[in-house]
$ cat entry_8.pdb   # PDB, C-alpha atoms
ATOM      1  CA  MET A1062      90.761 -72.359 131.118  1.00  0.00           C
ATOM      2  CA  SER A1063      90.238 -69.401 133.411  1.00  0.00           C
ATOM      3  CA  ILE A1064      88.029 -66.372 132.995  1.00  0.00           C
ATOM      4  CA  THR A1065      89.494 -63.086 134.166  1.00  0.00           C
ATOM      5  CA  CYS A1066      87.279 -60.775 136.178  1.00  0.00           C
ATOM      6  CA  ILE A1067      87.217 -57.648 138.285  1.00  0.00           C
ATOM      7  CA  ILE A1068      84.759 -56.421 140.906  1.00  0.00           C
ATOM      8  CA  VAL A1069      83.480 -52.837 141.129  1.00  0.00           C
ATOM      9  CA  ASP A1070      81.422 -51.763 144.153  1.00  0.00           C
ATOM     10  CA  ASP A1071      81.593 -48.784 146.486  1.00  0.00           C
ATOM     11  CA  GLU A1072      80.436 -50.857 149.475  1.00  0.00           C
ATOM     12  CA  PRO A1073      83.336 -52.660 151.240  1.00  0.00           C
ATOM     13  CA  MET A1074      81.129 -55.532 152.461  1.00  0.00           C
ATOM     14  CA  ALA A1075      79.794 -56.143 148.950  1.00  0.00           C
ATOM     15  CA  LEU A1076      83.360 -56.180 147.597  1.00  0.00           C
ATOM     16  CA  GLN A1077      84.365 -58.749 150.213  1.00  0.00           C
ATOM     17  CA  LEU A1078      81.354 -60.959 149.548  1.00  0.00           C
ATOM     18  CA  LEU A1079      81.843 -60.925 145.782  1.00  0.00           C
ATOM     19  CA  GLU A1080      85.548 -61.607 146.217  1.00  0.00           C
ATOM     20  CA  SER A1081      84.722 -64.658 148.335  1.00  0.00           C
ATOM     21  CA  TYR A1082      82.351 -65.923 145.611  1.00  0.00           C
ATOM     22  CA  VAL A1083      84.965 -65.424 142.884  1.00  0.00           C
ATOM     23  CA  LEU A1084      87.648 -67.181 144.950  1.00  0.00           C
ATOM     24  CA  ARG A1085      85.294 -70.153 145.472  1.00  0.00           C
ATOM     25  CA  THR A1086      84.800 -70.488 141.717  1.00  0.00           C
ATOM     26  CA  PRO A1087      87.758 -72.413 140.250  1.00  0.00           C
ATOM     27  CA  TYR A1088      87.549 -71.063 136.702  1.00  0.00           C
ATOM     28  CA  LEU A1089      87.396 -67.365 137.717  1.00  0.00           C
ATOM     29  CA  GLN A1090      90.634 -65.434 138.134  1.00  0.00           C
ATOM     30  CA  LEU A1091      90.266 -62.179 140.091  1.00  0.00           C
ATOM     31  CA  GLU A1092      92.427 -59.446 138.550  1.00  0.00           C
ATOM     32  CA  GLY A1093      91.324 -56.601 140.835  1.00  0.00           C
ATOM     33  CA  LYS A1094      88.621 -54.997 142.926  1.00  0.00           C
ATOM     34  CA  PHE A1095      87.674 -51.334 142.829  1.00  0.00           C
ATOM     35  CA  SER A1096      85.447 -48.938 144.711  1.00  0.00           C
ATOM     36  CA  ASN A1097      84.754 -46.519 141.848  1.00  0.00           C
ATOM     37  CA  GLY A1098      84.580 -46.284 138.085  1.00  0.00           C
ATOM     38  CA  ILE A1099      87.516 -43.924 137.667  1.00  0.00           C
ATOM     39  CA  GLU A1100      89.867 -46.550 139.144  1.00  0.00           C
ATOM     40  CA  VAL A1101      88.450 -49.139 136.739  1.00  0.00           C
ATOM     41  CA  LEU A1102      89.054 -46.975 133.685  1.00  0.00           C
ATOM     42  CA  GLN A1103      92.651 -46.346 134.795  1.00  0.00           C
ATOM     43  CA  PHE A1104      93.193 -50.069 135.427  1.00  0.00           C
ATOM     44  CA  LEU A1105      91.774 -51.105 132.048  1.00  0.00           C
ATOM     45  CA  HIS A1106      93.848 -48.487 130.278  1.00  0.00           C
ATOM     46  CA  GLU A1107      97.026 -50.052 131.723  1.00  0.00           C
ATOM     47  CA  LYS A1108      95.982 -53.707 131.906  1.00  0.00           C
ATOM     48  CA  LYS A1109      95.106 -56.538 129.572  1.00  0.00           C
ATOM     49  CA  GLN A1110      91.581 -57.396 128.564  1.00  0.00           C
ATOM     50  CA  ILE A1111      89.189 -58.478 131.339  1.00  0.00           C
ATOM     51  CA  ASP A1112      86.527 -61.060 130.462  1.00  0.00           C
ATOM     52  CA  ILE A1113      83.852 -60.256 133.081  1.00  0.00           C
ATOM     53  CA  ILE A1114      83.200 -57.174 135.182  1.00  0.00           C
ATOM     54  CA  PHE A1115      80.957 -57.660 138.231  1.00  0.00           C
ATOM     55  CA  MET A1116      79.681 -54.135 138.819  1.00  0.00           C
ATOM     56  CA  ASP A1117      77.352 -52.232 141.108  1.00  0.00           C
ATOM     57  CA  ILE A1118      75.139 -49.554 139.554  1.00  0.00           C
ATOM     58  CA  GLN A1119      74.745 -46.998 142.354  1.00  0.00           C
ATOM     59  CA  MET A1120      78.258 -45.570 142.828  1.00  0.00           C
ATOM     60  CA  PRO A1121      79.569 -42.028 143.304  1.00  0.00           C
ATOM     61  CA  GLU A1122      81.208 -40.011 140.511  1.00  0.00           C
ATOM     62  CA  LEU A1123      80.518 -42.491 137.722  1.00  0.00           C
ATOM     63  CA  ASN A1124      77.629 -44.932 138.166  1.00  0.00           C
ATOM     64  CA  GLY A1125      77.695 -48.438 136.740  1.00  0.00           C
ATOM     65  CA  LEU A1126      75.506 -47.619 133.744  1.00  0.00           C
ATOM     66  CA  GLN A1127      77.700 -44.648 132.789  1.00  0.00           C
ATOM     67  CA  LEU A1128      80.838 -46.728 133.310  1.00  0.00           C
ATOM     68  CA  SER A1129      79.512 -49.603 131.206  1.00  0.00           C
ATOM     69  CA  LYS A1130      79.283 -47.271 128.198  1.00  0.00           C
ATOM     70  CA  LYS A1131      83.003 -46.472 128.488  1.00  0.00           C
ATOM     71  CA  LEU A1132      84.260 -50.052 128.793  1.00  0.00           C
ATOM     72  CA  PRO A1133      85.812 -52.215 126.064  1.00  0.00           C
ATOM     73  CA  THR A1134      83.083 -54.074 124.220  1.00  0.00           C
ATOM     74  CA  ALA A1135      84.883 -57.398 124.719  1.00  0.00           C
ATOM     75  CA  SER A1136      84.367 -57.165 128.495  1.00  0.00           C
ATOM     76  CA  LYS A1137      81.090 -58.722 129.605  1.00  0.00           C
ATOM     77  CA  ILE A1138      79.158 -57.004 132.412  1.00  0.00           C
ATOM     78  CA  VAL A1139      77.238 -58.582 135.268  1.00  0.00           C
ATOM     79  CA  PHE A1140      75.450 -55.953 137.327  1.00  0.00           C
ATOM     80  CA  THR A1141      75.292 -56.613 141.066  1.00  0.00           C
ATOM     81  CA  THR A1142      72.867 -54.133 142.587  1.00  0.00           C
ATOM     82  CA  ALA A1143      70.124 -53.670 145.155  1.00  0.00           C
ATOM     83  CA  PHE A1144      67.969 -51.751 142.675  1.00  0.00           C
ATOM     84  CA  ASP A1145      65.712 -53.751 140.375  1.00  0.00           C
ATOM     85  CA  GLN A1146      64.517 -50.673 138.468  1.00  0.00           C
ATOM     86  CA  TYR A1147      67.780 -50.603 136.486  1.00  0.00           C
ATOM     87  CA  ALA A1148      67.396 -54.095 135.022  1.00  0.00           C
ATOM     88  CA  LEU A1149      66.080 -52.938 131.640  1.00  0.00           C
ATOM     89  CA  GLU A1150      68.788 -50.258 131.346  1.00  0.00           C
ATOM     90  CA  GLY A1151      71.366 -52.902 132.241  1.00  0.00           C
ATOM     91  CA  TYR A1152      70.428 -55.040 129.304  1.00  0.00           C
ATOM     92  CA  LYS A1153      70.442 -52.008 126.985  1.00  0.00           C
ATOM     93  CA  VAL A1154      74.195 -51.760 127.629  1.00  0.00           C
ATOM     94  CA  ASN A1155      74.616 -55.468 126.813  1.00  0.00           C
ATOM     95  CA  ALA A1156      74.950 -56.791 130.352  1.00  0.00           C
ATOM     96  CA  ILE A1157      75.021 -60.584 130.402  1.00  0.00           C
ATOM     97  CA  GLY A1158      73.629 -60.785 133.938  1.00  0.00           C
ATOM     98  CA  TYR A1159      71.834 -58.871 136.669  1.00  0.00           C
ATOM     99  CA  LEU A1160      72.174 -60.083 140.254  1.00  0.00           C
ATOM    100  CA  LEU A1161      69.813 -58.426 142.709  1.00  0.00           C
ATOM    101  CA  LYS A1162      71.359 -57.896 146.172  1.00  0.00           C
ATOM    102  CA  PRO A1163      71.330 -59.674 148.469  1.00  0.00           C
ATOM    103  CA  PHE A1164      72.217 -62.814 146.524  1.00  0.00           C
ATOM    104  CA  ASP A1165      73.899 -65.999 147.637  1.00  0.00           C
ATOM    105  CA  TYR A1166      76.612 -68.085 146.032  1.00  0.00           C
ATOM    106  CA  SER A1167      74.138 -70.364 144.226  1.00  0.00           C
ATOM    107  CA  GLU A1168      72.663 -67.330 142.420  1.00  0.00           C
ATOM    108  CA  PHE A1169      76.148 -66.052 141.639  1.00  0.00           C
TER
END

$ encode --input "entry_8.pdb" --output "structure tokens"
Amino acid sequence: MSITCIIVDDEPMALQLLESYVLRTPYLQLEGKFSNGIEVLQFLHEKKQIDIIFMDIQMPELNGLQLSKKLPTASKIVFTTAFDQYALEGYKVNAIGYLLKPFDYSEF
């Protein structure tokens, strides 16, 4: 069984690191990586259901908290951010995880 996922982060190095973690995890299947929320909404409108969305909070145009309110409820959210002050807000939008940057593969 594989779990589909996407990565959303406006920082190229963070995208690369998360992609490497996903690729090292046999049961995760990466369906896409995006640098902003608008791209994610377009992708999800055209694509099948995604199980997990690994998402930064601080992003231009549409931040992760705003984006999470527009996502299908079946998609589970794991926030990946450098800002601990958003943890409570993250759980208010039903996030299943909150990874504080920098984090290593064992935390992932």

$ closest_residue --input "entry_8.pdb" --among "A:Thr1141, A:Gln1146, A:Ser1063, A:Gln1127" --to "Leu1161 in chain A" --atoms "all atoms listed in the file"
A:Thr1141

$ resolve_selection --input "entry_8.pdb" --expression "the PyMOL selection byres ((chain A and resi 1087-1091) around 6)" --output "PyMOL selection string"
chain A and resi 1063-1067+1086+1092-1093

$ write_last_selection --input "entry_8.pdb" --atoms "C-alpha atoms" --output "mmCIF file, in the coordinates of the input"
data_model
loop_
_atom_site.group_PDB
_atom_site.id
_atom_site.type_symbol
_atom_site.label_atom_id
_atom_site.label_comp_id
_atom_site.auth_asym_id
_atom_site.auth_seq_id
_atom_site.Cartn_x
_atom_site.Cartn_y
_atom_site.Cartn_z
ATOM 1 C CA SER A 1063 90.238 -69.401 133.411
ATOM 2 C CA ILE A 1064 88.029 -66.372 132.995
ATOM 3 C CA THR A 1065 89.494 -63.086 134.166
ATOM 4 C CA CYS A 1066 87.279 -60.775 136.178
ATOM 5 C CA ILE A 1067 87.217 -57.648 138.285
ATOM 6 C CA THR A 1086 84.800 -70.488 141.717
ATOM 7 C CA GLU A 1092 92.427 -59.446 138.550
ATOM 8 C CA GLY A 1093 91.324 -56.601 140.835
#

$ atom_distance --input "entry_8.pdb" --atom1 "CA of Lys1130 in chain A" --atom2 "CA of Tyr1166 in chain A"
27.5 Å

$ resolve_selection --input "entry_8.pdb" --expression "the PyMOL selection byres ((chain A and resi 1155) around 10)" --output "number ranges by chain"
A: 1129-1130, 1134, 1137-1139, 1150-1154, 1156-1158

$ resolve_selection --input "entry_8.pdb" --expression "the PyMOL selection byres ((chain A and resi 1167) around 12)" --output "compact mmCIF listing (two decimals) with C-alpha atoms, in the frame of the given file"
# COMPACT_ATOMS: atom_id res chain seq x y z
CA TYR A 1082 82.35 -65.92 145.61
CA VAL A 1083 84.96 -65.42 142.88
CA ARG A 1085 85.29 -70.15 145.47
CA THR A 1086 84.80 -70.49 141.72
CA LEU A 1160 72.17 -60.08 140.25
CA PRO A 1163 71.33 -59.67 148.47
CA PHE A 1164 72.22 -62.81 146.52
CA ASP A 1165 73.90 -66.00 147.64
CA TYR A 1166 76.61 -68.08 146.03
CA GLU A 1168 72.66 -67.33 142.42
CA PHE A 1169 76.15 -66.05 141.64

$ closest_residue --input "entry_8.pdb" --among "A:Leu1078, A:Leu1128, A:Leu1084, A:Ile1099" --to "Met1116 in chain A" --atoms "all atoms listed in the file"
A:Leu1128

$ atom_distance --input "entry_8.pdb" --atom1 "CA of Glu1080 in chain A" --atom2 "CA of Leu1105 in chain A"
18.7 Å

$ axis_aligned_box --input "entry_8.pdb" --around "range 1091-1096 of chain A" --padding-each-side "8 Å" --output "JSON"
{"center_x": 88.9, "center_y": -55.6, "center_z": 141.6, "size_x": 23.0, "size_y": 29.2, "size_z": 22.2}

$ atom_distance --input "entry_8.pdb" --atom1 "CA of Pro1133 in chain A" --atom2 "CA of Ile1114 in chain A"
10.7 Å

$ closest_residue --input "entry_8.pdb" --among "A:Phe1144, A:Met1120, A:Ile1068, A:Gln1110" --to "Leu1132 in chain A" --atoms "all atoms listed in the file"
A:Gln1110

$ residues_around --input "entry_8.pdb" --residues "Val1069 in chain A" --least-positions-apart "5" --cutoff "6 Å" --atoms "only C-alpha atoms" --output "MDAnalysis selection string"
chainID A and resid 1094:1096 1116

$ write_last_selection --input "entry_8.pdb" --atoms "C-alpha atoms" --output "JSON list (two decimals), in the frame of the given file"
[["chain", "number", "residue", "atom", "x", "y", "z"],
["A", 1094, "LYS", "CA", 88.62, -55.00, 142.93],
["A", 1095, "PHE", "CA", 87.67, -51.33, 142.83],
["A", 1096, "SER", "CA", 85.45, -48.94, 144.71],
["A", 1116, "MET", "CA", 79.68, -54.14, 138.82]]

$ closest_residue --input "entry_8.pdb" --among "A:Met1074, A:Val1101, A:Asn1124, A:Lys1162" --to "Ala1143 in chain A" --atoms "all atoms listed in the file"
A:Lys1162

$ decode --input "entry_8.pdb" --residues "range 1088-1129 of chain A" --atoms "N, CA and C atoms" --output "CSV table (one decimal), in the first residue's frame"
chain,number,residue,atom,x,y,z
A,1088,TYR,N,6.8,3.6,1.5
A,1088,TYR,CA,5.3,3.6,1.3
A,1088,TYR,C,4.7,5.0,0.9
A,1089,LEU,N,5.6,6.0,0.7
A,1089,LEU,CA,5.1,7.3,0.3
A,1089,LEU,C,5.4,7.4,-1.2
A,1090,GLN,N,4.4,7.9,-1.9
A,1090,GLN,CA,4.4,8.1,-3.4
A,1090,GLN,C,4.3,9.6,-3.6
A,1091,LEU,N,5.3,10.3,-4.1
A,1091,LEU,CA,5.3,11.7,-4.4
A,1091,LEU,C,4.6,12.0,-5.7
A,1092,GLU,N,3.5,12.8,-5.6
A,1092,GLU,CA,2.7,13.1,-6.7
A,1092,GLU,C,3.0,14.5,-7.3
A,1093,GLY,N,3.8,15.3,-6.5
A,1093,GLY,CA,4.1,16.6,-7.0
A,1093,GLY,C,4.7,17.5,-5.9
A,1094,LYS,N,5.4,18.5,-6.3
A,1094,LYS,CA,6.0,19.5,-5.4
A,1094,LYS,C,5.7,20.9,-6.0
A,1095,PHE,N,5.4,21.8,-5.1
A,1095,PHE,CA,4.9,23.1,-5.5
A,1095,PHE,C,5.5,24.2,-4.6
A,1096,SER,N,5.6,25.4,-5.2
A,1096,SER,CA,6.2,26.5,-4.5
A,1096,SER,C,5.2,27.5,-4.0
A,1097,ASN,N,3.9,27.3,-4.3
A,1097,ASN,CA,2.9,28.2,-3.8
A,1097,ASN,C,1.5,27.5,-3.8
A,1098,GLY,N,0.6,28.1,-3.0
A,1098,GLY,CA,-0.7,27.5,-2.8
A,1098,GLY,C,-1.6,27.6,-4.0
A,1099,ILE,N,-1.4,28.5,-4.9
A,1099,ILE,CA,-2.2,28.6,-6.1
A,1099,ILE,C,-2.0,27.4,-7.0
A,1100,GLU,N,-0.7,27.0,-7.1
A,1100,GLU,CA,-0.4,25.9,-7.9
A,1100,GLU,C,-1.0,24.6,-7.3
A,1101,VAL,N,-1.0,24.5,-6.0
A,1101,VAL,CA,-1.6,23.3,-5.3
A,1101,VAL,C,-3.1,23.2,-5.6
A,1102,LEU,N,-3.8,24.4,-5.5
A,1102,LEU,CA,-5.3,24.3,-5.8
A,1102,LEU,C,-5.6,23.9,-7.2
A,1103,GLN,N,-4.8,24.4,-8.2
A,1103,GLN,CA,-4.9,24.0,-9.6
A,1103,GLN,C,-4.7,22.5,-9.7
A,1104,PHE,N,-3.6,22.0,-9.1
A,1104,PHE,CA,-3.3,20.6,-9.2
A,1104,PHE,C,-4.4,19.8,-8.7
A,1105,LEU,N,-4.9,20.1,-7.5
A,1105,LEU,CA,-5.9,19.3,-6.8
A,1105,LEU,C,-7.2,19.4,-7.6
A,1106,HIS,N,-7.5,20.4,-8.3
A,1106,HIS,CA,-8.7,20.6,-9.1
A,1106,HIS,C,-8.7,19.6,-10.2
A,1107,GLU,N,-7.5,19.3,-10.8
A,1107,GLU,CA,-7.3,18.5,-11.9
A,1107,GLU,C,-6.9,17.0,-11.6
A,1108,LYS,N,-6.5,16.8,-10.4
A,1108,LYS,CA,-5.8,15.5,-10.0
A,1108,LYS,C,-6.7,14.7,-9.1
A,1109,LYS,N,-6.3,13.5,-8.9
A,1109,LYS,CA,-7.0,12.6,-7.9
A,1109,LYS,C,-6.8,13.1,-6.5
A,1110,GLN,N,-7.4,12.4,-5.6
A,1110,GLN,CA,-7.2,12.7,-4.2
A,1110,GLN,C,-5.7,12.5,-3.7
A,1111,ILE,N,-5.2,13.4,-2.9
A,1111,ILE,CA,-3.9,13.2,-2.3
A,1111,ILE,C,-4.1,12.9,-0.8
A,1112,ASP,N,-3.4,11.9,-0.3
A,1112,ASP,CA,-3.5,11.5,1.1
A,1112,ASP,C,-2.9,12.5,2.1
A,1113,ILE,N,-1.6,12.9,1.8
A,1113,ILE,CA,-0.9,13.8,2.8
A,1113,ILE,C,-0.3,14.9,2.0
A,1114,ILE,N,-0.4,16.1,2.6
A,1114,ILE,CA,0.2,17.3,2.1
A,1114,ILE,C,1.2,17.8,3.1
A,1115,PHE,N,2.5,17.8,2.7
A,1115,PHE,CA,3.5,18.4,3.6
A,1115,PHE,C,3.6,19.8,3.2
A,1116,MET,N,3.4,20.8,4.1
A,1116,MET,CA,3.2,22.1,3.7
A,1116,MET,C,3.8,23.1,4.7
A,1117,ASP,N,4.5,24.1,4.1
A,1117,ASP,CA,5.1,25.2,4.8
A,1117,ASP,C,3.9,26.2,5.2
A,1118,ILE,N,4.1,27.0,6.2
A,1118,ILE,CA,3.1,28.0,6.6
A,1118,ILE,C,3.4,29.3,5.9
A,1119,GLN,N,4.6,29.8,6.1
A,1119,GLN,CA,5.0,31.1,5.6
A,1119,GLN,C,5.3,31.1,4.1
A,1120,MET,N,4.3,31.4,3.3
A,1120,MET,CA,4.5,31.4,1.8
A,1120,MET,C,3.8,32.7,1.3
A,1121,PRO,N,4.3,33.2,0.1
A,1121,PRO,CA,3.6,34.4,-0.5
A,1121,PRO,C,2.2,34.0,-1.1
A,1122,GLU,N,1.5,35.0,-1.3
A,1122,GLU,CA,0.1,35.0,-1.9
A,1122,GLU,C,-0.9,34.3,-1.0
A,1123,LEU,N,-0.7,33.0,-0.7
A,1123,LEU,CA,-1.6,32.2,0.1
A,1123,LEU,C,-0.8,31.4,1.1
A,1124,ASN,N,-0.8,31.8,2.4
A,1124,ASN,CA,0.0,31.0,3.3
A,1124,ASN,C,-0.6,29.7,3.6
A,1125,GLY,N,0.1,28.8,4.3
A,1125,GLY,CA,-0.3,27.5,4.5
A,1125,GLY,C,-1.6,27.3,5.3
A,1126,LEU,N,-1.8,28.2,6.3
A,1126,LEU,CA,-3.0,28.2,7.1
A,1126,LEU,C,-4.2,28.5,6.2
A,1127,GLN,N,-4.1,29.5,5.3
A,1127,GLN,CA,-5.2,29.9,4.4
A,1127,GLN,C,-5.4,28.8,3.4
A,1128,LEU,N,-4.3,28.2,2.9
A,1128,LEU,CA,-4.5,27.1,1.9
A,1128,LEU,C,-5.2,25.9,2.6
A,1129,SER,N,-4.8,25.6,3.8
A,1129,SER,CA,-5.4,24.4,4.4
A,1129,SER,C,-6.9,24.5,4.5
